[in-house]
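Quick look at start22.cif (mmCIF, C-alpha atoms and all ligand atoms):
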data_work
#
loop_
_atom_site.label_atom_id
_atom_site.label_comp_id
_atom_site.auth_asym_id
_atom_site.auth_seq_id
_atom_site.Cartn_x
_atom_site.Cartn_y
_atom_site.Cartn_z
CA MET A 1 3.17 13.95 -1.54
CA ARG A 2 6.18 13.01 0.59
CA ILE A 3 6.51 9.55 2.16
CA ASP A 4 9.17 8.75 4.79
CA ILE A 5 9.52 5.02 5.43
CA ILE A 6 11.21 3.80 8.62
CA THR A 7 12.58 0.26 8.33
CA VAL A 8 15.31 -2.14 9.47
CA LEU A 9 15.42 -3.56 5.92
CA PRO A 10 15.62 -0.62 3.48
CA GLU A 11 16.94 -2.99 0.77
CA LEU A 12 13.49 -4.63 0.67
CA LEU A 13 12.00 -1.28 -0.33
CA THR A 14 14.25 -0.12 -3.15
CA SER A 15 13.11 -2.11 -6.20
CA PRO A 16 9.36 -1.36 -5.88
CA PHE A 17 10.18 2.31 -6.54
CA GLU A 18 12.64 1.62 -9.36
CA ALA A 19 10.22 0.35 -12.01
CA SER A 20 7.15 1.27 -13.98
CA ILE A 21 4.50 3.58 -12.55
CA LEU A 22 6.08 4.33 -9.16
CA LYS A 23 9.42 5.12 -10.79
CA ARG A 24 7.72 7.51 -13.23
CA ALA A 25 5.75 9.18 -10.41
CA ILE A 26 9.02 9.89 -8.57
CA GLU A 27 10.74 11.12 -11.76
CA LYS A 28 7.80 13.46 -12.42
CA ASP A 29 8.15 14.82 -8.84
CA LEU A 30 4.59 13.79 -8.01
CA VAL A 31 5.88 11.94 -4.94
CA GLU A 32 9.09 11.78 -2.90
CA VAL A 33 9.91 8.54 -1.10
CA HIS A 34 12.65 8.59 1.57
CA LEU A 35 13.91 5.43 3.26
CA HIS A 36 15.29 5.65 6.80
CA ASN A 37 17.34 2.81 8.25
CA LEU A 38 16.32 2.46 11.89
CA ARG A 39 19.86 1.32 12.76
CA ASP A 40 21.08 4.84 11.94
CA TYR A 41 19.13 6.02 15.01
CA THR A 42 20.67 3.60 17.52
CA SER A 43 23.31 4.67 20.07
CA GLY A 44 25.77 1.84 21.00
CA ASN A 45 28.05 0.23 18.40
CA TYR A 46 25.85 -2.88 18.62
CA LYS A 47 23.13 -0.97 16.70
CA GLN A 48 20.42 -2.71 18.67
CA VAL A 49 16.84 -2.11 17.52
CA ASP A 50 15.02 -4.92 19.35
CA ASP A 51 15.02 -6.53 22.79
CA TYR A 52 13.29 -9.24 24.86
CA GLN A 53 9.74 -8.49 25.93
CA PHE A 54 8.87 -7.64 29.51
CA GLY A 55 6.77 -10.38 31.07
CA GLY A 56 8.58 -13.04 29.09
CA GLY A 57 7.49 -14.89 25.99
CA ALA A 58 9.00 -15.77 22.64
CA GLY A 59 9.90 -13.08 20.16
CA MET A 60 11.69 -9.75 20.25
CA VAL A 61 10.06 -6.33 20.43
CA MET A 62 11.26 -3.24 18.56
CA MET A 63 12.62 -0.73 21.07
CA ILE A 64 11.07 2.69 21.52
CA GLU A 65 14.24 4.82 21.51
CA PRO A 66 15.51 4.45 17.91
CA ILE A 67 11.96 4.77 16.54
CA ASP A 68 11.23 7.85 18.66
CA LYS A 69 14.55 9.42 17.64
CA CYS A 70 13.82 8.83 13.95
CA ILE A 71 10.21 10.07 14.07
CA SER A 72 11.13 13.11 16.21
CA HIS A 73 13.95 13.96 13.79
CA LEU A 74 11.47 13.87 10.88
CA LYS A 75 8.77 15.79 12.74
CA ALA A 76 11.28 18.58 13.50
CA GLU A 77 11.62 19.15 9.74
CA ARG A 78 7.95 19.26 8.71
CA THR A 79 4.40 18.53 9.77
CA TYR A 80 3.09 15.05 9.06
CA ASP A 81 -0.56 14.28 8.32
CA GLU A 82 -0.28 10.67 9.48
CA VAL A 83 2.19 8.30 11.10
CA ILE A 84 1.13 4.93 9.72
CA TYR A 85 2.23 1.73 11.46
CA MET A 86 2.17 -1.38 9.24
CA THR A 87 0.93 -4.24 11.42
CA PRO A 88 -1.23 -7.36 10.97
CA ASP A 89 -3.50 -6.10 13.79
CA GLY A 90 -4.22 -2.83 11.96
CA GLU A 91 -7.27 -1.89 9.88
CA THR A 92 -7.38 -3.95 6.69
CA LEU A 93 -6.37 -1.87 3.67
CA ASN A 94 -9.07 -1.34 1.05
CA GLN A 95 -9.63 1.06 -1.86
CA SER A 96 -11.48 3.56 0.32
CA ILE A 97 -8.53 3.81 2.76
CA ALA A 98 -6.10 4.14 -0.17
CA ASN A 99 -8.26 6.95 -1.61
CA GLN A 100 -8.26 8.80 1.75
CA ILE A 101 -4.50 8.46 2.24
CA SER A 102 -3.85 9.68 -1.32
CA LEU A 103 -5.22 13.09 -0.27
CA LYS A 104 -2.52 13.60 2.41
CA GLU A 105 0.65 15.65 1.96
CA ASN A 106 3.32 14.18 4.29
CA LEU A 107 3.30 10.60 5.59
CA ILE A 108 5.54 8.54 7.84
CA ILE A 109 5.26 4.77 7.40
CA LEU A 110 6.75 2.63 10.17
CA CYS A 111 7.46 -1.00 9.28
CA GLY A 112 7.09 -3.46 12.14
CA HIS A 113 9.21 -6.58 12.68
CA TYR A 114 9.44 -9.48 15.11
CA LYS A 115 6.62 -9.26 17.66
CA GLY A 116 6.03 -5.62 16.72
CA VAL A 117 6.97 -2.32 18.31
CA ASP A 118 6.86 -1.30 21.99
CA GLN A 119 3.24 -0.24 22.63
CA ARG A 120 4.49 3.20 23.77
CA VAL A 121 5.60 4.00 20.18
CA ARG A 122 2.02 3.47 19.10
CA ASP A 123 0.65 5.54 21.98
CA MET A 124 3.13 8.38 21.39
CA HIS A 125 3.41 8.71 17.60
CA VAL A 126 1.21 6.41 15.54
CA THR A 127 -2.04 7.90 14.15
CA CYS A 128 -3.12 5.06 11.87
CA GLU A 129 -2.47 1.29 11.84
CA ILE A 130 -2.82 -0.66 8.62
CA SER A 131 -2.74 -4.36 7.71
CA ILE A 132 -2.86 -5.64 4.13
CA GLY A 133 -4.83 -8.79 4.93
CA ASP A 134 -5.39 -11.68 7.30
CA TYR A 135 -2.06 -13.47 6.99
CA VAL A 136 1.31 -12.81 8.60
CA LEU A 137 4.33 -11.43 6.76
CA SER A 138 7.82 -11.52 8.23
CA GLY A 139 7.90 -7.73 8.33
CA GLY A 140 5.93 -4.62 7.40
CA GLU A 141 8.15 -3.72 4.42
CA LEU A 142 6.27 -5.60 1.70
CA ALA A 143 3.00 -4.34 3.18
CA ALA A 144 4.38 -0.77 3.07
CA ALA A 145 5.28 -1.28 -0.60
CA VAL A 146 1.72 -2.44 -1.27
CA LEU A 147 0.27 0.60 0.51
CA CYS A 148 2.59 2.99 -1.35
CA ASP A 149 1.66 1.47 -4.72
CA ALA A 150 -2.08 1.65 -3.98
CA VAL A 151 -1.77 5.30 -2.88
CA ILE A 152 0.78 6.70 -5.35
CA ARG A 153 -1.09 5.48 -8.43
CA LEU A 154 -4.04 7.62 -7.28
CA LEU A 155 -2.07 10.89 -7.18
CA PRO A 156 -3.11 13.34 -9.91
CA GLY A 157 -0.84 13.00 -12.96
CA VAL A 158 0.53 9.54 -12.11
CA LEU A 159 -1.79 7.53 -14.35
CA ASN A 160 -2.65 8.42 -17.92
CA ASP A 161 -5.77 7.50 -19.92
CA GLU A 162 -4.46 4.00 -20.61
CA THR A 163 -3.86 3.23 -16.94
CA SER A 164 -6.75 5.26 -15.51
CA ALA A 165 -7.83 4.38 -11.98
CA LEU A 166 -11.46 5.27 -12.71
CA THR A 167 -12.29 1.87 -14.21
CA ASP A 168 -10.32 -0.16 -11.66
CA THR A 169 -11.80 -3.08 -9.84
CA PHE A 170 -13.06 -1.80 -6.43
CA GLN A 171 -13.18 1.86 -7.43
CA ASP A 172 -17.00 1.62 -7.37
CA ASN A 173 -17.23 -1.54 -5.23
CA LEU A 174 -17.47 -3.66 -8.40
CA LEU A 175 -14.93 -6.05 -9.87
CA ALA A 176 -13.70 -5.13 -13.35
CA PRO A 177 -15.31 -6.83 -16.38
CA PRO A 178 -13.33 -9.28 -18.57
CA VAL A 179 -11.01 -7.67 -21.12
CA TYR A 180 -9.61 -8.89 -24.46
CA THR A 181 -7.05 -7.79 -27.01
CA ARG A 182 -5.84 -9.06 -30.41
CA PRO A 183 -6.15 -11.60 -31.90
CA SER A 184 -9.95 -11.77 -32.03
CA GLU A 185 -9.71 -15.56 -32.31
CA TYR A 186 -7.04 -17.77 -30.72
CA LYS A 187 -7.07 -21.56 -30.92
CA GLY A 188 -10.79 -21.41 -31.55
CA MET A 189 -11.47 -19.12 -28.57
CA GLU A 190 -13.35 -16.03 -29.69
CA VAL A 191 -13.65 -12.55 -28.24
CA PRO A 192 -17.29 -11.74 -27.38
CA LYS A 193 -18.87 -10.38 -30.60
CA ILE A 194 -20.28 -7.32 -28.87
CA LEU A 195 -16.75 -5.95 -28.24
CA LEU A 196 -16.06 -5.97 -32.01
CA SER A 197 -19.40 -4.33 -32.90
CA GLY A 198 -18.36 -0.69 -32.50
CA ASP A 199 -21.68 -0.03 -30.71
CA PHE A 200 -20.24 1.79 -27.70
CA PRO A 201 -23.41 2.32 -25.65
CA LYS A 202 -24.11 -1.42 -26.00
CA ILE A 203 -20.49 -2.28 -25.11
CA GLU A 204 -20.71 -0.08 -22.01
CA LYS A 205 -23.93 -1.84 -20.96
CA TRP A 206 -22.32 -5.27 -21.53
CA ARG A 207 -19.34 -4.29 -19.39
CA GLU A 208 -21.60 -3.12 -16.57
CA GLU A 209 -23.54 -6.41 -16.69
CA GLN A 210 -20.34 -8.45 -16.72
CA ALA A 211 -18.90 -6.47 -13.80
CA LEU A 212 -22.07 -7.01 -11.79
CA GLU A 213 -22.25 -10.73 -12.66
CA ARG A 214 -18.60 -11.26 -11.75
CA THR A 215 -19.04 -9.40 -8.47
CA GLN A 216 -22.17 -11.40 -7.59
CA LYS A 217 -20.34 -14.64 -8.29
CA ARG A 218 -16.95 -13.92 -6.71
CA ARG A 219 -17.44 -11.16 -4.15
CA PRO A 220 -21.13 -10.90 -3.15
CA ASP A 221 -19.91 -9.17 0.05
CA LEU A 222 -19.03 -6.08 -2.02
CA LEU A 223 -22.69 -5.63 -3.01
CA GLN A 224 -24.08 -5.65 0.56
CL1 LIG A 301 1.20 -4.58 7.71
N1 LIG A 301 2.70 -6.56 8.58
C1 LIG A 301 2.96 -7.86 8.76
N2 LIG A 301 4.10 -8.21 9.39
N3 LIG A 301 2.17 -8.85 8.35
C2 LIG A 301 1.06 -8.47 7.71
C3 LIG A 301 0.72 -7.14 7.49
C4 LIG A 301 1.58 -6.18 7.95
N4 LIG A 301 -0.46 -7.10 6.86
C5 LIG A 301 -0.82 -8.35 6.69
N5 LIG A 301 0.08 -9.20 7.21
#
Just give me the structure of the file as structure tokens.
Ligand code: 6GU
Amino acid sequence: MRIDIITVLPELLTSPFEASILKRAIEKDLVEVHLHNLRDYTSGNYKQVDDYQFGGGAGMVMMIEPIDKCISHLKAERTYDEVIYMTPDGETLNQSIANQISLKENLIILCGHYKGVDQRVRDMHVTCEISIGDYVLSGGELAAAVLCDAVIRLLPGVLNDETSALTDTFQDNLLAPPVYTRPSEYKGMEVPKILLSGDFPKIEKWREEQALERTQKRRPDLLQ
């Protein structure tokens, strides 16, 4: 997979890819992530990327020209499966969307700022609009990092047995069951006996029950 991220704040998107699982995925060549500073696609020496909105109103709008230049430059090099625009009015990200995106080869992710991008960018280039939840961030960069993490960890070879995605919360619309590690007793708090029993069919059944109970209690909407 190749991901090209277009942003006015590339420095916000460096550290997420420099640690742990995402770093290892890049080192193993399972994914390439390229950051593009939108200001490199501006003309004048003012490097302007945003302007006042037509019709008046508070807040700047990201201009079409630098974004179109950047996306057209990328599209001249290769075919993209999706141009994803990170925006609070997009479709809310969930595991199913992450699973679908993980099957794509080449992605462009456009990070919005201010009042968003000129609508004509969306009409001309964007194929998919994603939000990460019903709250407003100051820009799409952190949302893009969230999307990349959710997608990259699903690529074949990124996770090993210990970090397997198969037993994740949400992978089957259930929350994950409680987990414990050593010591088996801490300040009088004991690990459920069943987990120390070595009876694996029984342990599996207990985990399924716990997952269901937790989902019913915390996220009954997932069971609808
Ligand atoms: Cl994708 N962008 C911004 N600016 N705020 C958000 C978001 C995205 N998703 C949730 N809030």
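Interatomic distance, atom CA of Glu32 of chain A to atom CA of Asn160 of chain A: 19.4 Å.
Among the candidates A:Asn45, A:Gln119, A:Thr79, A:Thr169, the one nearest to Lys104 of chain A when counting only C-alpha atoms is A:Thr79.
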To check your reading of the model: which residues sit at most 6 Å from ligand LIG 301 (chain A) when counting all atoms listed in the file? Write the answer as a ChimeraX atom specification.
/A:86-88,130-140,143
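Atom pair atom CA of Leu35 of chain A / atom CA of Ala165 of chain A has a distance of 26.6 Å (rounded to one decimal).
Interatomic distance, atom CA of Cys70 of chain A to atom CA of Tyr41 of chain A: 6.1 Å.
Nearest residue to Val151 of chain A among A:Ser20, A:Glu129, A:Gln95, A:Lys187 is A:Gln95, counting only C-alpha atoms.
Look at everything within 10 Å of (18.0, -5.4, 25.9) using all atoms listed in the file, and the residues you get are Gln48, Val49, Asp50, Asp51, Tyr52, Gln53, Met60, Val61 and Met63 of chain A.
Close to (-14.3, 4.1, -1.5), meaning no more than 12 Å away when counting all atoms listed in the file, sit the residues Leu93, Asn94, Gln95, Ser96, Ile97, Ala98, Asn99, Gln100, Ile101, Ser102, Leu166, Asp168, Thr169, Phe170, Gln171, Asp172, Asn173, Leu174 and Leu222 of chain A.
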Fill-in result for segment 92-120 of chain A, N, CA and C atoms as a PDB file, in the frame of the given file:
ATOM      1  N   THR A  92      -7.712  -3.329   7.976  1.00  0.00           N
ATOM      2  CA  THR A  92      -7.380  -3.950   6.690  1.00  0.00           C
ATOM      3  C   THR A  92      -7.485  -2.933   5.555  1.00  0.00           C
ATOM      4  N   LEU A  93      -6.416  -2.817   4.795  1.00  0.00           N
ATOM      5  CA  LEU A  93      -6.370  -1.870   3.670  1.00  0.00           C
ATOM      6  C   LEU A  93      -7.445  -2.208   2.643  1.00  0.00           C
ATOM      7  N   ASN A  94      -8.137  -1.173   2.171  1.00  0.00           N
ATOM      8  CA  ASN A  94      -9.070  -1.340   1.050  1.00  0.00           C
ATOM      9  C   ASN A  94      -8.973  -0.081   0.174  1.00  0.00           C
ATOM     10  N   GLN A  95      -9.743  -0.059  -0.912  1.00  0.00           N
ATOM     11  CA  GLN A  95      -9.630   1.060  -1.860  1.00  0.00           C
ATOM     12  C   GLN A  95     -10.030   2.382  -1.202  1.00  0.00           C
ATOM     13  N   SER A  96     -11.019   2.334  -0.323  1.00  0.00           N
ATOM     14  CA  SER A  96     -11.480   3.560   0.320  1.00  0.00           C
ATOM     15  C   SER A  96     -10.378   4.169   1.202  1.00  0.00           C
ATOM     16  N   ILE A  97      -9.647   3.311   1.940  1.00  0.00           N
ATOM     17  CA  ILE A  97      -8.530   3.810   2.760  1.00  0.00           C
ATOM     18  C   ILE A  97      -7.435   4.359   1.860  1.00  0.00           C
ATOM     19  N   ALA A  98      -7.127   3.656   0.774  1.00  0.00           N
ATOM     20  CA  ALA A  98      -6.100   4.140  -0.170  1.00  0.00           C
ATOM     21  C   ALA A  98      -6.500   5.504  -0.727  1.00  0.00           C
ATOM     22  N   ASN A  99      -7.768   5.661  -1.090  1.00  0.00           N
ATOM     23  CA  ASN A  99      -8.260   6.950  -1.610  1.00  0.00           C
ATOM     24  C   ASN A  99      -8.050   8.057  -0.574  1.00  0.00           C
ATOM     25  N   GLN A 100      -8.401   7.791   0.686  1.00  0.00           N
ATOM     26  CA  GLN A 100      -8.260   8.800   1.750  1.00  0.00           C
ATOM     27  C   GLN A 100      -6.800   9.179   1.955  1.00  0.00           C
ATOM     28  N   ILE A 101      -5.915   8.170   1.993  1.00  0.00           N
ATOM     29  CA  ILE A 101      -4.500   8.460   2.240  1.00  0.00           C
ATOM     30  C   ILE A 101      -3.892   9.240   1.075  1.00  0.00           C
ATOM     31  N   SER A 102      -4.414   8.999  -0.145  1.00  0.00           N
ATOM     32  CA  SER A 102      -3.850   9.680  -1.320  1.00  0.00           C
ATOM     33  C   SER A 102      -4.075  11.193  -1.261  1.00  0.00           C
ATOM     34  N   LEU A 103      -4.950  11.651  -0.378  1.00  0.00           N
ATOM     35  CA  LEU A 103      -5.220  13.090  -0.270  1.00  0.00           C
ATOM     36  C   LEU A 103      -4.266  13.788   0.714  1.00  0.00           C
ATOM     37  N   LYS A 104      -3.413  13.027   1.395  1.00  0.00           N
ATOM     38  CA  LYS A 104      -2.520  13.600   2.410  1.00  0.00           C
ATOM     39  C   LYS A 104      -1.257  14.150   1.754  1.00  0.00           C
ATOM     40  N   GLU A 105      -0.561  15.016   2.492  1.00  0.00           N
ATOM     41  CA  GLU A 105       0.650  15.650   1.960  1.00  0.00           C
ATOM     42  C   GLU A 105       1.913  14.910   2.414  1.00  0.00           C
ATOM     43  N   ASN A 106       2.101  14.800   3.736  1.00  0.00           N
ATOM     44  CA  ASN A 106       3.320  14.180   4.290  1.00  0.00           C
ATOM     45  C   ASN A 106       2.959  12.979   5.148  1.00  0.00           C
ATOM     46  N   LEU A 107       3.593  11.837   4.858  1.00  0.00           N
ATOM     47  CA  LEU A 107       3.300  10.600   5.590  1.00  0.00           C
ATOM     48  C   LEU A 107       4.586   9.984   6.121  1.00  0.00           C
ATOM     49  N   ILE A 108       4.494   9.427   7.341  1.00  0.00           N
ATOM     50  CA  ILE A 108       5.540   8.540   7.840  1.00  0.00           C
ATOM     51  C   ILE A 108       4.940   7.141   7.847  1.00  0.00           C
ATOM     52  N   ILE A 109       5.692   6.172   7.321  1.00  0.00           N
ATOM     53  CA  ILE A 109       5.260   4.770   7.400  1.00  0.00           C
ATOM     54  C   ILE A 109       6.315   4.011   8.206  1.00  0.00           C
ATOM     55  N   LEU A 110       5.867   3.401   9.286  1.00  0.00           N
ATOM     56  CA  LEU A 110       6.750   2.630  10.170  1.00  0.00           C
ATOM     57  C   LEU A 110       6.507   1.145   9.910  1.00  0.00           C
ATOM     58  N   CYS A 111       7.579   0.431   9.567  1.00  0.00           N
ATOM     59  CA  CYS A 111       7.460  -1.000   9.280  1.00  0.00           C
ATOM     60  C   CYS A 111       7.796  -1.806  10.534  1.00  0.00           C
ATOM     61  N   GLY A 112       6.883  -2.633  10.954  1.00  0.00           N
ATOM     62  CA  GLY A 112       7.090  -3.460  12.140  1.00  0.00           C
ATOM     63  C   GLY A 112       7.874  -4.728  11.802  1.00  0.00           C
ATOM     64  N   HIS A 113       8.482  -5.316  12.816  1.00  0.00           N
ATOM     65  CA  HIS A 113       9.210  -6.580  12.680  1.00  0.00           C
ATOM     66  C   HIS A 113       9.048  -7.384  13.944  1.00  0.00           C
ATOM     67  N   TYR A 114       9.465  -8.636  13.921  1.00  0.00           N
ATOM     68  CA  TYR A 114       9.440  -9.480  15.110  1.00  0.00           C
ATOM     69  C   TYR A 114       8.027  -9.488  15.704  1.00  0.00           C
ATOM     70  N   LYS A 115       7.936  -9.288  17.010  1.00  0.00           N
ATOM     71  CA  LYS A 115       6.620  -9.260  17.660  1.00  0.00           C
ATOM     72  C   LYS A 115       5.978  -7.881  17.569  1.00  0.00           C
ATOM     73  N   GLY A 116       6.591  -6.963  16.829  1.00  0.00           N
ATOM     74  CA  GLY A 116       6.030  -5.620  16.720  1.00  0.00           C
ATOM     75  C   GLY A 116       6.821  -4.610  17.514  1.00  0.00           C
ATOM     76  N   VAL A 117       6.270  -3.398  17.620  1.00  0.00           N
ATOM     77  CA  VAL A 117       6.970  -2.320  18.310  1.00  0.00           C
ATOM     78  C   VAL A 117       6.440  -2.177  19.734  1.00  0.00           C
ATOM     79  N   ASP A 118       7.268  -1.652  20.621  1.00  0.00           N
ATOM     80  CA  ASP A 118       6.860  -1.300  21.990  1.00  0.00           C
ATOM     81  C   ASP A 118       5.559  -0.488  21.904  1.00  0.00           C
ATOM     82  N   GLN A 119       4.557  -0.888  22.671  1.00  0.00           N
ATOM     83  CA  GLN A 119       3.240  -0.240  22.630  1.00  0.00           C
ATOM     84  C   GLN A 119       3.342   1.283  22.785  1.00  0.00           C
ATOM     85  N   ARG A 120       4.376   1.754  23.530  1.00  0.00           N
ATOM     86  CA  ARG A 120       4.490   3.200  23.770  1.00  0.00           C
ATOM     87  C   ARG A 120       4.799   3.984  22.502  1.00  0.00           C
TER      88      ARG A 120
END
